[in-house]
file structure.pdb (PDB, C-alpha atoms and all ligand atoms)
ATOM      1  CA  MET B   6      84.917 126.201 122.063
ATOM      2  CA  LEU B   7      88.012 128.304 122.659
ATOM      3  CA  LYS B   8      87.781 130.367 125.833
ATOM      4  CA  ILE B   9      89.977 133.435 126.260
ATOM      5  CA  ASP B  10      90.413 135.275 129.550
ATOM      6  CA  VAL B  11      92.219 138.602 129.424
ATOM      7  CA  ILE B  12      93.765 140.065 132.543
ATOM      8  CA  THR B  13      93.991 143.834 132.289
ATOM      9  CA  LEU B  14      93.664 147.043 134.263
ATOM     10  CA  PHE B  15      91.399 148.289 131.428
ATOM     11  CA  PRO B  16      88.737 145.610 130.842
ATOM     12  CA  GLU B  17      86.517 148.056 128.889
ATOM     13  CA  MET B  18      89.214 148.249 126.196
ATOM     14  CA  ILE B  19      88.850 144.523 125.577
ATOM     15  CA  GLN B  20      85.064 144.105 125.844
ATOM     16  CA  GLY B  21      84.472 147.149 123.641
ATOM     17  CA  ALA B  22      86.861 146.138 120.893
ATOM     18  CA  VAL B  23      85.749 142.494 120.543
ATOM     19  CA  SER B  24      82.057 143.319 120.205
ATOM     20  CA  HIS B  25      82.318 144.535 116.574
ATOM     21  CA  GLY B  26      82.457 142.916 113.156
ATOM     22  CA  VAL B  27      83.163 139.241 112.566
ATOM     23  CA  LEU B  28      84.679 138.927 116.036
ATOM     24  CA  GLY B  29      81.502 140.292 117.642
ATOM     25  CA  GLN B  30      79.413 137.854 115.568
ATOM     26  CA  ALA B  31      81.685 134.965 116.599
ATOM     27  CA  LEU B  32      81.173 135.803 120.286
ATOM     28  CA  LYS B  33      77.404 136.043 119.804
ATOM     29  CA  GLY B  34      77.435 132.731 117.941
ATOM     30  CA  ASP B  35      79.411 131.034 120.737
ATOM     31  CA  LEU B  36      82.286 130.179 118.418
ATOM     32  CA  LEU B  37      84.640 131.546 121.045
ATOM     33  CA  SER B  38      84.369 133.454 124.299
ATOM     34  CA  VAL B  39      86.368 136.454 125.484
ATOM     35  CA  GLN B  40      86.191 137.751 129.030
ATOM     36  CA  ALA B  41      88.183 140.537 130.633
ATOM     37  CA  HIS B  42      89.196 140.484 134.285
ATOM     38  CA  THR B  43      90.789 143.226 136.309
ATOM     39  CA  PRO B  44      93.170 142.663 139.232
ATOM     40  CA  ARG B  45      91.387 145.634 140.814
ATOM     41  CA  GLU B  46      88.680 143.252 142.052
ATOM     42  CA  PHE B  47      91.305 141.802 144.401
ATOM     43  CA  ALA B  48      92.674 145.117 145.652
ATOM     44  CA  THR B  49      91.823 145.542 149.322
ATOM     45  CA  ASP B  50      93.460 148.822 150.323
ATOM     46  CA  LYS B  51      91.675 152.179 150.421
ATOM     47  CA  HIS B  52      92.969 153.247 146.973
ATOM     48  CA  ARG B  53      92.477 149.779 145.423
ATOM     49  CA  THR B  54      96.111 149.851 144.317
ATOM     50  CA  VAL B  55      97.035 147.629 141.355
ATOM     51  CA  ASP B  56     100.485 148.915 140.393
ATOM     52  CA  ASP B  57     103.734 149.848 142.059
ATOM     53  CA  ARG B  58     107.108 151.428 141.303
ATOM     54  CA  PRO B  59     109.966 149.193 140.143
ATOM     55  CA  PHE B  60     112.751 148.283 142.578
ATOM     56  CA  GLY B  61     115.933 150.034 141.512
ATOM     57  CA  GLY B  62     113.979 152.845 139.879
ATOM     58  CA  GLY B  63     113.252 153.292 136.195
ATOM     59  CA  ASP B  64     110.429 154.256 133.859
ATOM     60  CA  GLY B  65     106.890 153.001 134.082
ATOM     61  CA  MET B  66     104.891 151.202 136.707
ATOM     62  CA  ILE B  67     104.813 147.484 137.439
ATOM     63  CA  MET B  68     101.525 145.651 137.900
ATOM     64  CA  LEU B  69     101.196 144.776 141.559
ATOM     65  CA  SER B  70     102.017 141.071 141.931
ATOM     66  CA  GLU B  71      99.515 139.902 144.558
ATOM     67  CA  THR B  72      96.430 141.220 142.786
ATOM     68  CA  LEU B  73      97.719 140.042 139.391
ATOM     69  CA  GLU B  74      98.446 136.572 140.792
ATOM     70  CA  LYS B  75      94.939 136.316 142.240
ATOM     71  CA  SER B  76      93.473 137.187 138.835
ATOM     72  CA  ILE B  77      95.570 134.499 137.161
ATOM     73  CA  GLN B  78      94.576 131.921 139.782
ATOM     74  CA  LYS B  79      90.914 132.827 139.331
ATOM     75  CA  VAL B  80      90.892 131.851 135.633
ATOM     76  CA  GLN B  81      93.737 129.354 135.208
ATOM     77  CA  HIS B  82      93.190 125.579 135.067
ATOM     78  CA  LYS B  83      95.249 122.583 133.969
ATOM     79  CA  ASN B  84      94.545 123.038 130.245
ATOM     80  CA  SER B  85      95.249 126.766 130.177
ATOM     81  CA  LYS B  86      97.979 128.348 128.110
ATOM     82  CA  VAL B  87      99.106 131.544 129.826
ATOM     83  CA  ILE B  88     100.464 134.182 127.462
ATOM     84  CA  TYR B  89     102.149 137.444 128.375
ATOM     85  CA  LEU B  90     102.099 140.242 125.783
ATOM     86  CA  SER B  91     105.473 141.947 125.799
ATOM     87  CA  PRO B  92     108.034 143.456 123.425
ATOM     88  CA  GLN B  93     110.363 140.635 124.530
ATOM     89  CA  GLY B  94     108.125 137.879 123.164
ATOM     90  CA  SER B  95     108.466 136.052 119.873
ATOM     91  CA  VAL B  96     106.781 138.058 117.154
ATOM     92  CA  LEU B  97     103.254 136.930 116.253
ATOM     93  CA  THR B  98     102.783 135.340 112.836
ATOM     94  CA  ASP B  99      99.745 133.880 111.095
ATOM     95  CA  ASP B 100     101.162 130.389 111.785
ATOM     96  CA  LYS B 101     101.318 131.173 115.511
ATOM     97  CA  ALA B 102      97.773 132.573 115.390
ATOM     98  CA  ARG B 103      96.588 129.344 113.737
ATOM     99  CA  GLU B 104      98.319 127.294 116.442
ATOM    100  CA  LEU B 105      96.749 129.345 119.255
ATOM    101  CA  SER B 106      93.289 128.940 117.686
ATOM    102  CA  GLN B 107      93.567 125.206 118.491
ATOM    103  CA  ALA B 108      93.957 125.785 122.229
ATOM    104  CA  GLU B 109      91.237 125.048 124.745
ATOM    105  CA  HIS B 110      91.818 128.000 127.057
ATOM    106  CA  LEU B 111      94.046 131.047 126.720
ATOM    107  CA  VAL B 112      94.900 133.511 129.464
ATOM    108  CA  LEU B 113      96.293 136.752 128.061
ATOM    109  CA  ILE B 114      98.110 138.969 130.539
ATOM    110  CA  CYS B 115      98.329 142.653 129.643
ATOM    111  CA  GLY B 116     101.035 144.507 131.519
ATOM    112  CA  ARG B 117     101.075 148.252 131.553
ATOM    113  CA  TYR B 118     104.195 150.107 130.421
ATOM    114  CA  GLY B 119     106.842 148.803 132.793
ATOM    115  CA  GLY B 120     105.486 145.278 132.685
ATOM    116  CA  ILE B 121     105.012 142.744 135.460
ATOM    117  CA  ASP B 122     107.272 141.217 138.106
ATOM    118  CA  GLN B 123     109.667 138.681 136.536
ATOM    119  CA  ARG B 124     108.716 136.094 139.188
ATOM    120  CA  ILE B 125     105.121 136.057 137.898
ATOM    121  CA  ILE B 126     106.507 135.350 134.422
ATOM    122  CA  ASN B 127     108.768 132.587 135.767
ATOM    123  CA  THR B 128     105.951 130.926 137.673
ATOM    124  CA  TYR B 129     102.839 131.352 135.536
ATOM    125  CA  VAL B 130     103.646 132.356 131.957
ATOM    126  CA  ASP B 131     103.894 129.624 129.295
ATOM    127  CA  GLU B 132     104.677 131.905 126.388
ATOM    128  CA  GLU B 133     105.649 135.534 125.737
ATOM    129  CA  ILE B 134     104.285 137.029 122.542
ATOM    130  CA  SER B 135     105.065 140.370 120.914
ATOM    131  CA  ILE B 136     102.988 141.897 118.145
ATOM    132  CA  GLY B 137     105.983 143.727 116.668
ATOM    133  CA  ASP B 138     109.080 145.714 117.447
ATOM    134  CA  TYR B 139     107.592 148.764 119.107
ATOM    135  CA  VAL B 140     106.500 149.698 122.609
ATOM    136  CA  LEU B 141     102.899 150.368 123.604
ATOM    137  CA  SER B 142     101.525 151.901 126.787
ATOM    138  CA  GLY B 143      99.989 148.537 127.682
ATOM    139  CA  GLY B 144      99.532 145.002 126.396
ATOM    140  CA  GLU B 145      95.794 145.420 125.635
ATOM    141  CA  LEU B 146      96.193 146.274 121.948
ATOM    142  CA  GLY B 147      98.544 143.305 121.661
ATOM    143  CA  ALA B 148      95.978 140.987 123.248
ATOM    144  CA  LEU B 149      93.324 142.288 120.847
ATOM    145  CA  VAL B 150      95.605 141.700 117.875
ATOM    146  CA  VAL B 151      96.225 138.118 119.032
ATOM    147  CA  ILE B 152      92.484 137.508 119.530
ATOM    148  CA  ASP B 153      91.560 138.967 116.141
ATOM    149  CA  ALA B 154      94.301 137.100 114.272
ATOM    150  CA  LEU B 155      93.495 133.695 115.824
ATOM    151  CA  SER B 156      89.716 134.074 115.537
ATOM    152  CA  ARG B 157      89.978 133.974 111.740
ATOM    153  CA  PHE B 158      91.172 130.353 112.022
ATOM    154  CA  ILE B 159      88.154 129.215 114.027
ATOM    155  CA  PRO B 160      85.748 127.428 111.661
ATOM    156  CA  GLY B 161      82.638 129.554 111.090
ATOM    157  CA  VAL B 162      84.132 132.882 112.158
ATOM    158  CA  LEU B 163      84.681 133.984 108.574
ATOM    159  CA  GLY B 164      81.852 133.757 106.057
ATOM    160  CA  HIS B 165      83.414 130.924 104.110
ATOM    161  CA  VAL B 166      85.138 128.132 106.015
ATOM    162  CA  ASP B 167      88.204 128.381 103.833
ATOM    163  CA  SER B 168      88.570 132.169 103.683
ATOM    164  CA  ALA B 169      91.559 132.300 106.009
ATOM    165  CA  ASP B 170      93.384 129.811 103.776
ATOM    166  CA  LYS B 171      92.891 131.982 100.732
ATOM    167  CA  ASP B 172      94.054 135.169 102.425
ATOM    168  CA  SER B 173      97.431 136.786 102.670
ATOM    169  CA  PHE B 174     100.147 134.577 104.151
ATOM    170  CA  SER B 175      98.349 131.246 103.754
ATOM    171  CA  GLU B 176     100.631 130.488 100.782
ATOM    172  CA  GLY B 177     103.236 132.852 102.128
ATOM    173  CA  LEU B 178     102.106 135.469  99.620
ATOM    174  CA  LEU B 179     100.503 138.883  99.878
ATOM    175  CA  GLU B 180      96.955 139.371  98.660
ATOM    176  CA  HIS B 181      96.430 140.389  95.018
ATOM    177  CA  PRO B 182      94.705 143.752  94.428
ATOM    178  CA  ASN B 183      90.894 143.611  94.467
ATOM    179  CA  PHE B 184      88.302 145.527  92.460
ATOM    180  CA  THR B 185      84.599 146.188  92.620
ATOM    181  CA  ARG B 186      82.100 148.189  90.531
ATOM    182  CA  PRO B 187      82.238 150.214  88.389
ATOM    183  CA  ARG B 188      84.337 148.497  85.713
ATOM    184  CA  GLU B 189      85.983 151.788  84.833
ATOM    185  CA  TYR B 190      86.856 154.140  87.700
ATOM    186  CA  LEU B 191      89.280 157.042  88.162
ATOM    187  CA  GLY B 192      90.396 156.453  84.579
ATOM    188  CA  GLN B 193      91.438 152.860  85.312
ATOM    189  CA  ASP B 194      89.890 149.614  84.071
ATOM    190  CA  VAL B 195      89.388 146.408  86.054
ATOM    191  CA  PRO B 196      91.722 143.742  84.586
ATOM    192  CA  GLU B 197      89.824 141.900  81.838
ATOM    193  CA  VAL B 198      90.530 138.402  83.235
ATOM    194  CA  LEU B 199      88.483 139.145  86.356
ATOM    195  CA  LEU B 200      85.408 139.707  84.163
ATOM    196  CA  SER B 201      85.944 136.515  82.146
ATOM    197  CA  GLY B 202      83.987 134.163  84.428
ATOM    198  CA  ASN B 203      86.690 131.549  83.846
ATOM    199  CA  HIS B 204      87.335 130.445  87.447
ATOM    200  CA  LYS B 205      90.377 128.300  86.695
ATOM    201  CA  LEU B 206      91.972 131.133  84.722
ATOM    202  CA  ILE B 207      91.112 133.672  87.438
ATOM    203  CA  ALA B 208      92.550 131.519  90.234
ATOM    204  CA  ASP B 209      95.809 131.095  88.325
ATOM    205  CA  TRP B 210      95.936 134.811  87.499
ATOM    206  CA  LYS B 211      95.353 135.760  91.164
ATOM    207  CA  GLU B 212      98.166 133.522  92.399
ATOM    208  CA  LYS B 213     100.613 134.911  89.854
ATOM    209  CA  VAL B 214      99.608 138.510  90.608
ATOM    210  CA  SER B 215      99.993 137.736  94.333
ATOM    211  CA  ALA B 216     103.484 136.417  93.647
ATOM    212  CA  LEU B 217     104.381 139.555  91.660
ATOM    213  CA  VAL B 218     103.018 141.887  94.350
ATOM    214  CA  THR B 219     105.034 139.943  96.956
ATOM    215  CA  LEU B 220     108.179 140.109  94.805
ATOM    216  CA  LYS B 221     107.758 143.867  94.593
ATOM    217  CA  LYS B 222     106.674 144.720  98.153
ATOM    218  CA  ARG B 223     108.098 141.937 100.334
ATOM    219  CA  PRO B 224     111.128 140.386  98.645
ATOM    220  CA  ASP B 225     111.938 138.670 101.978
ATOM    221  CA  LEU B 226     108.664 136.691 101.815
ATOM    222  CA  PHE B 227     109.045 136.099  98.082
ATOM    223  CA  ILE B 228     112.383 134.298  98.558
ATOM    224  CA  ILE B 229     110.718 131.796 100.918
ATOM    225  CA  TYR B 230     107.758 131.293  98.559
ATOM    226  CA  LEU B 231     110.065 130.787  95.580
ATOM    227  CA  ALA B 232     112.103 128.144  97.417
ATOM    228  CA  GLU B 233     108.866 126.242  98.166
ATOM    229  CA  GLU B 234     107.635 126.523  94.569
ATOM    230  CA  ARG B 235     110.977 125.276  93.255
ATOM    231  CA  GLU B 236     110.737 122.313  95.625
ATOM    232  CA  LYS B 237     107.245 121.437  94.327
ATOM    233  CA  TYR B 238     108.443 121.928  90.753
ATOM    234  CA  ARG B 239     111.358 119.544  91.261
ATOM    235  CA  ALA B 240     109.154 116.943  92.949
ATOM    236  CA  LEU B 241     106.504 117.027  90.215
ATOM    237  CA  LYS B 242     108.922 117.631  87.342
ATOM    238  CA  LYS B 243     106.110 119.395  85.505
ATOM    239  CA  LYS B 244     107.265 118.970  81.885
ATOM    240  CA  LYS B 245     104.975 121.591  80.401
ATOM    241  CA  THR B 246     105.719 124.497  82.772
ATOM    242  CA  ALA B 247     108.893 126.505  82.949
ATOM    243  CA  GLU B 248     110.906 127.016  86.136
ATOM    244  CA  PRO B 249     108.747 129.059  88.610
ATOM    245  CA  LEU B 250     110.667 132.351  88.319
ATOM    246  CA  LYS B 251     110.832 132.105  84.498
ATOM    247  CA  GLU B 252     107.133 131.297  84.422
ATOM    248  CA  LEU B 253     106.398 134.361  86.530
ATOM    249  CA  PHE B 254     108.518 136.590  84.316
ATOM    250  CA  LYS B 255     106.635 135.302  81.240
ATOM    251  CA  PHE B 256     103.336 136.055  82.986
ATOM    252  CA  TRP B 257     104.477 139.594  83.859
ATOM    253  CA  GLN B 258     105.623 140.176  80.238
ATOM    254  CA  GLN B 259     102.202 139.115  78.976
ATOM    255  CA  LEU B 260     100.292 141.549  81.197
ATOM    256  CA  SER B 261      98.973 144.522  79.248
ATOM    257  CA  PRO B 262     100.459 147.946  80.108
ATOM    258  CA  GLN B 263      97.047 148.997  81.528
ATOM    259  CA  ASP B 264      96.885 145.914  83.754
ATOM    260  CA  ARG B 265     100.464 146.416  84.950
ATOM    261  CA  GLU B 266      99.616 150.009  85.807
ATOM    262  CA  VAL B 267      96.371 149.303  87.679
ATOM    263  CA  LEU B 268      98.096 146.463  89.598
ATOM    264  CA  GLY B 269     101.091 148.649  90.479
ATOM    265  CA  LEU B 270     103.484 146.274  88.742
ATOM    266  CA  GLU B 271     104.718 148.622  86.001
ATOM    267  CA  ASP B 272     108.094 149.285  87.617
ATOM    268  CA  LEU B 273     109.173 145.643  87.746
ATOM    269  CA  ASN B 274     111.698 144.760  85.035
ATOM    270  CA  GLU B 275     113.709 141.774  83.755
ATOM    271  CA  GLU B 276     116.238 142.410  86.515
ATOM    272  CA  SER B 277     113.602 141.885  89.236
ATOM    273  CA  PHE B 278     113.404 138.238  88.094
ATOM    274  CA  ASN B 279     117.125 137.442  88.409
ATOM    275  CA  GLY B 280     116.833 135.597  91.718
TER     276      GLY B 280
HETATM  277  N1  LIG I   1     105.309 144.743 121.039
HETATM  278  C1  LIG I   1     104.093 145.064 123.107
HETATM  279  C2  LIG I   1     103.486 144.475 124.204
HETATM  280  C3  LIG I   1     103.255 145.227 125.340
HETATM  281  C4  LIG I   1     103.643 146.571 125.371
HETATM  282  C5  LIG I   1     104.617 146.373 128.268
HETATM  283  C6  LIG I   1     107.045 145.423 129.180
HETATM  284  C7  LIG I   1     105.744 147.205 128.261
HETATM  285  C8  LIG I   1     104.439 146.392 123.183
HETATM  286  C9  LIG I   1     105.939 144.597 129.173
HETATM  287  C10 LIG I   1     106.955 146.731 128.705
HETATM  288  C11 LIG I   1     104.719 145.073 128.710
HETATM  289  C12 LIG I   1     104.385 144.292 121.876
HETATM  290  C13 LIG I   1     103.318 146.881 127.773
HETATM  291  N2  LIG I   1     104.209 147.113 124.282
HETATM  292  N3  LIG I   1     103.485 147.360 126.434
HETATM  293  O1  LIG I   1     103.775 143.279 121.656
END
call {"tool": "encode", "arguments": {"input": "structure.pdb", "output": "structure tokens"}}
result
Amino acid sequence: MLKIDVITLFPEMIQGAVSHGVLGQALKGDLLSVQAHTPREFATDKHRTVDDRPFGGGDGMIMLSETLEKSIQKVQHKNSKVIYLSPQGSVLTDDKARELSQAEHLVLICGRYGGIDQRIINTYVDEEISIGDYVLSGGELGALVVIDALSRFIPGVLGHVDSADKDSFSEGLLEHPNFTRPREYLGQDVPEVLLSGNHKLIADWKEKVSALVTLKKRPDLFIIYLAEEREKYRALKKKKTAEPLKELFKFWQQLSPQDREVLGLEDLNEESFNG
């Protein structure tokens, strides 16, 4: 079982947020454990000080090193991976989340705005992770994002074992649009194929729609996907199917105007497929 210890000045932020939804169920079901620890338990002065001003001046406060170090030492052991959430880290991806889900023990350090002393990073931190190019008032939301993203790769956390593999990014594609009852709503019909009951046909349709949505919304991801598809195509030399991009264009052409509209794919054109 993966054990995660979070070191934070705001432990309630962590315990509160992980107790809901699939994550909360996973904790109850002992599929993983998340515990928050505050350096404040090691503060000995009258005001239980846990932060200090940076040498040389500047914005923000720095987490006090001695109390932070004691918190790290309390939870760390030889199989721990110590992660520091910071805007300077490498940006979290689903692949990284999958990798972290395989760990035995994670220690997530949440700095407040201003961060932590560089010498703590040098001595204790194995990896710096950022959740994106923006600054937050503390690392807690970052830690929660990491925990949520990796938990989906722990077997049993999602309803179906393979759900995470079918989701966005598993094939490097965005998720296709989804629909539920009623069949006609807000003047728009659910695409006919989804009502056909033909699972093979539906699976193929979903992948192609995913590819089209990715082409439209995230051309940067589409380029990577297309390169991989072309590689597979070359390796298999599938005689019956056209080149992946041509195939996709044909599929888009065959969509009905109503389906294109409800899927948000009406403004693609022949030009979009000249890659
Ligand atoms: N983009 C992120 C992580 C933490 C954070 C902090 C230095 C500020 C954004 C170190 C400055 C930590 C992120 C706390 N903001 N704020 O992942």
call {"tool": "atom_distance", "arguments": {"input": "structure.pdb", "atom1": "CA of Gly65 in chain B", "atom2": "CA of Gln20 in chain B"}}
result
25.0 Å
call {"tool": "resolve_selection", "arguments": {"input": "structure.pdb", "expression": "the PyMOL selection byres (((chain B and resi 52-59) around 10) and not hetatm)", "output": "PyMOL selection string"}}
result
chain B and resi 14+43-51+60-73+116-117+119-122
call {"tool": "closest_atom_pairs", "arguments": {"input": "structure.pdb", "of": "chain B", "to": "ligand LIG 1 (chain I)", "cutoff": "6 Å", "atoms": "all atoms listed in the file", "output": "JSON lines"}}
result
{"residue": "B:Leu90", "atom": "CA", "partner": "I:LIG1", "partner_atom": "C2", "distance": 4.7}
{"residue": "B:Ser91", "atom": "CA", "partner": "I:LIG1", "partner_atom": "C2", "distance": 3.6}
{"residue": "B:Pro92", "atom": "CA", "partner": "I:LIG1", "partner_atom": "N1", "distance": 3.8}
{"residue": "B:Gly116", "atom": "CA", "partner": "I:LIG1", "partner_atom": "C11", "distance": 4.7}
{"residue": "B:Arg117", "atom": "CA", "partner": "I:LIG1", "partner_atom": "C13", "distance": 4.6}
{"residue": "B:Tyr118", "atom": "CA", "partner": "I:LIG1", "partner_atom": "C7", "distance": 3.9}
{"residue": "B:Gly119", "atom": "CA", "partner": "I:LIG1", "partner_atom": "C10", "distance": 4.6}
{"residue": "B:Gly120", "atom": "CA", "partner": "I:LIG1", "partner_atom": "C9", "distance": 3.6}
{"residue": "B:Ser135", "atom": "CA", "partner": "I:LIG1", "partner_atom": "O1", "distance": 3.3}
{"residue": "B:Ile136", "atom": "CA", "partner": "I:LIG1", "partner_atom": "O1", "distance": 3.9}
{"residue": "B:Gly137", "atom": "CA", "partner": "I:LIG1", "partner_atom": "N1", "distance": 4.5}
{"residue": "B:Asp138", "atom": "CA", "partner": "I:LIG1", "partner_atom": "N1", "distance": 5.3}
{"residue": "B:Tyr139", "atom": "CA", "partner": "I:LIG1", "partner_atom": "N1", "distance": 5.0}
{"residue": "B:Val140", "atom": "CA", "partner": "I:LIG1", "partner_atom": "N2", "distance": 3.8}
{"residue": "B:Leu141", "atom": "CA", "partner": "I:LIG1", "partner_atom": "N2", "distance": 3.6}
{"residue": "B:Ser142", "atom": "CA", "partner": "I:LIG1", "partner_atom": "N3", "distance": 5.0}
{"residue": "B:Gly143", "atom": "CA", "partner": "I:LIG1", "partner_atom": "C13", "distance": 3.7}
{"residue": "B:Gly144", "atom": "CA", "partner": "I:LIG1", "partner_atom": "C3", "distance": 3.9}
{"residue": "B:Gly147", "atom": "CA", "partner": "I:LIG1", "partner_atom": "O1", "distance": 5.2}
call {"tool": "resolve_selection", "arguments": {"input": "structure.pdb", "expression": "the PyMOL selection byres (((chain B and resi 262-267) around 10) and not hetatm)", "output": "PyMOL selection string"}}
result
chain B and resi 182+192-198+214+257-261+268-273
call {"tool": "closest_residue", "arguments": {"input": "structure.pdb", "among": "B:Ile19, B:Val162, B:Val80, B:Val150", "to": "Leu37 in chain B", "atoms": "only C-alpha atoms"}}
result
B:Val162
call {"tool": "resolve_selection", "arguments": {"input": "structure.pdb", "expression": "the PyMOL selection byres (((chain B and resi 13) around 7) and not hetatm)", "output": "list in words"}}
result
Val11, Ile12, Leu14, Phe15, Pro16, Ala41, His42, Thr43, Ile114 and Cys115 of chain B
call {"tool": "residues_near_point", "arguments": {"input": "structure.pdb", "point": "(84.8, 137.9, 121.4)", "cutoff": "10 Å", "atoms": "all atoms listed in the file", "output": "list in words"}}
result
Lys8, Ile9, Ile19, Gln20, Gly21, Ala22, Val23, Ser24, His25, Gly26, Val27, Leu28, Gly29, Gln30, Ala31, Leu32, Lys33, Gly34, Asp35, Leu36, Leu37, Ser38, Val39, Gln40, Leu149, Ile152, Asp153 and Ser156 of chain B
call {"tool": "atom_distance", "arguments": {"input": "structure.pdb", "atom1": "CA of His82 in chain B", "atom2": "CA of Leu163 in chain B"}}
result
29.1 Å
call {"tool": "residues_around", "arguments": {"input": "structure.pdb", "residues": "Thr128 in chain B", "least_positions_apart": "4", "cutoff": "10 Å", "atoms": "all atoms listed in the file", "output": "number ranges by chain"}}
result
B: 74, 123-124
call {"tool": "closest_residue", "arguments": {"input": "structure.pdb", "among": "B:Glu17, B:Glu234, B:Glu176, B:Glu189", "to": "Ser215 in chain B", "atoms": "only C-alpha atoms"}}
result
B:Glu176
call {"tool": "closest_residue", "arguments": {"input": "structure.pdb", "among": "B:Gln78, B:Asp10, B:Glu133, B:Leu179", "to": "Leu111 in chain B", "atoms": "only C-alpha atoms"}}
result
B:Asp10
call {"tool": "closest_residue", "arguments": {"input": "structure.pdb", "among": "B:Ser277, B:Thr185, B:Ser175, B:Asn203", "to": "Pro224 in chain B", "atoms": "only C-alpha atoms"}}
result
B:Ser277
call {"tool": "atom_distance", "arguments": {"input": "structure.pdb", "atom1": "CA of Val130 in chain B", "atom2": "CA of Leu146 in chain B"}}
result
18.7 Å
call {"tool": "closest_residue", "arguments": {"input": "structure.pdb", "among": "B:Phe174, B:Lys101, B:Arg186, B:Glu233", "to": "Leu200 in chain B", "atoms": "only C-alpha atoms"}}
result
B:Arg186
call {"tool": "closest_residue", "arguments": {"input": "structure.pdb", "among": "B:Gln107, B:Gln81, B:Glu180, B:Asp209", "to": "Pro160 in chain B", "atoms": "all atoms listed in the file"}}
result
B:Gln107
call {"tool": "axis_aligned_box", "arguments": {"input": "structure.pdb", "around": "range 127-143 of chain B", "padding_each_side": "4 Å", "output": "lines of an AutoDock Vina configuration file"}}
result
center_x = 104.5
center_y = 140.8
center_z = 127.2
size_x = 17.1
size_y = 30.3
size_z = 29.0
call {"tool": "residues_near_point", "arguments": {"input": "structure.pdb", "point": "(96.5, 135.4, 99.6)", "cutoff": "12 Å", "atoms": "only C-alpha atoms", "output": "PyMOL selection string"}}
result
chain B and resi 167-183+208+211-219
call {"tool": "residues_around", "arguments": {"input": "structure.pdb", "residues": "Thr98 in chain B", "least_positions_apart": "4", "cutoff": "9 Å", "atoms": "all atoms listed in the file", "output": "ChimeraX atom specification"}}
result
/B:102-103,136,154
call {"tool": "residues_around", "arguments": {"input": "structure.pdb", "residues": "Ala108 in chain B", "least_positions_apart": "5", "cutoff": "9 Å", "atoms": "all atoms listed in the file", "output": "PyMOL selection string"}}
result
chain B and resi 7-8+84-86
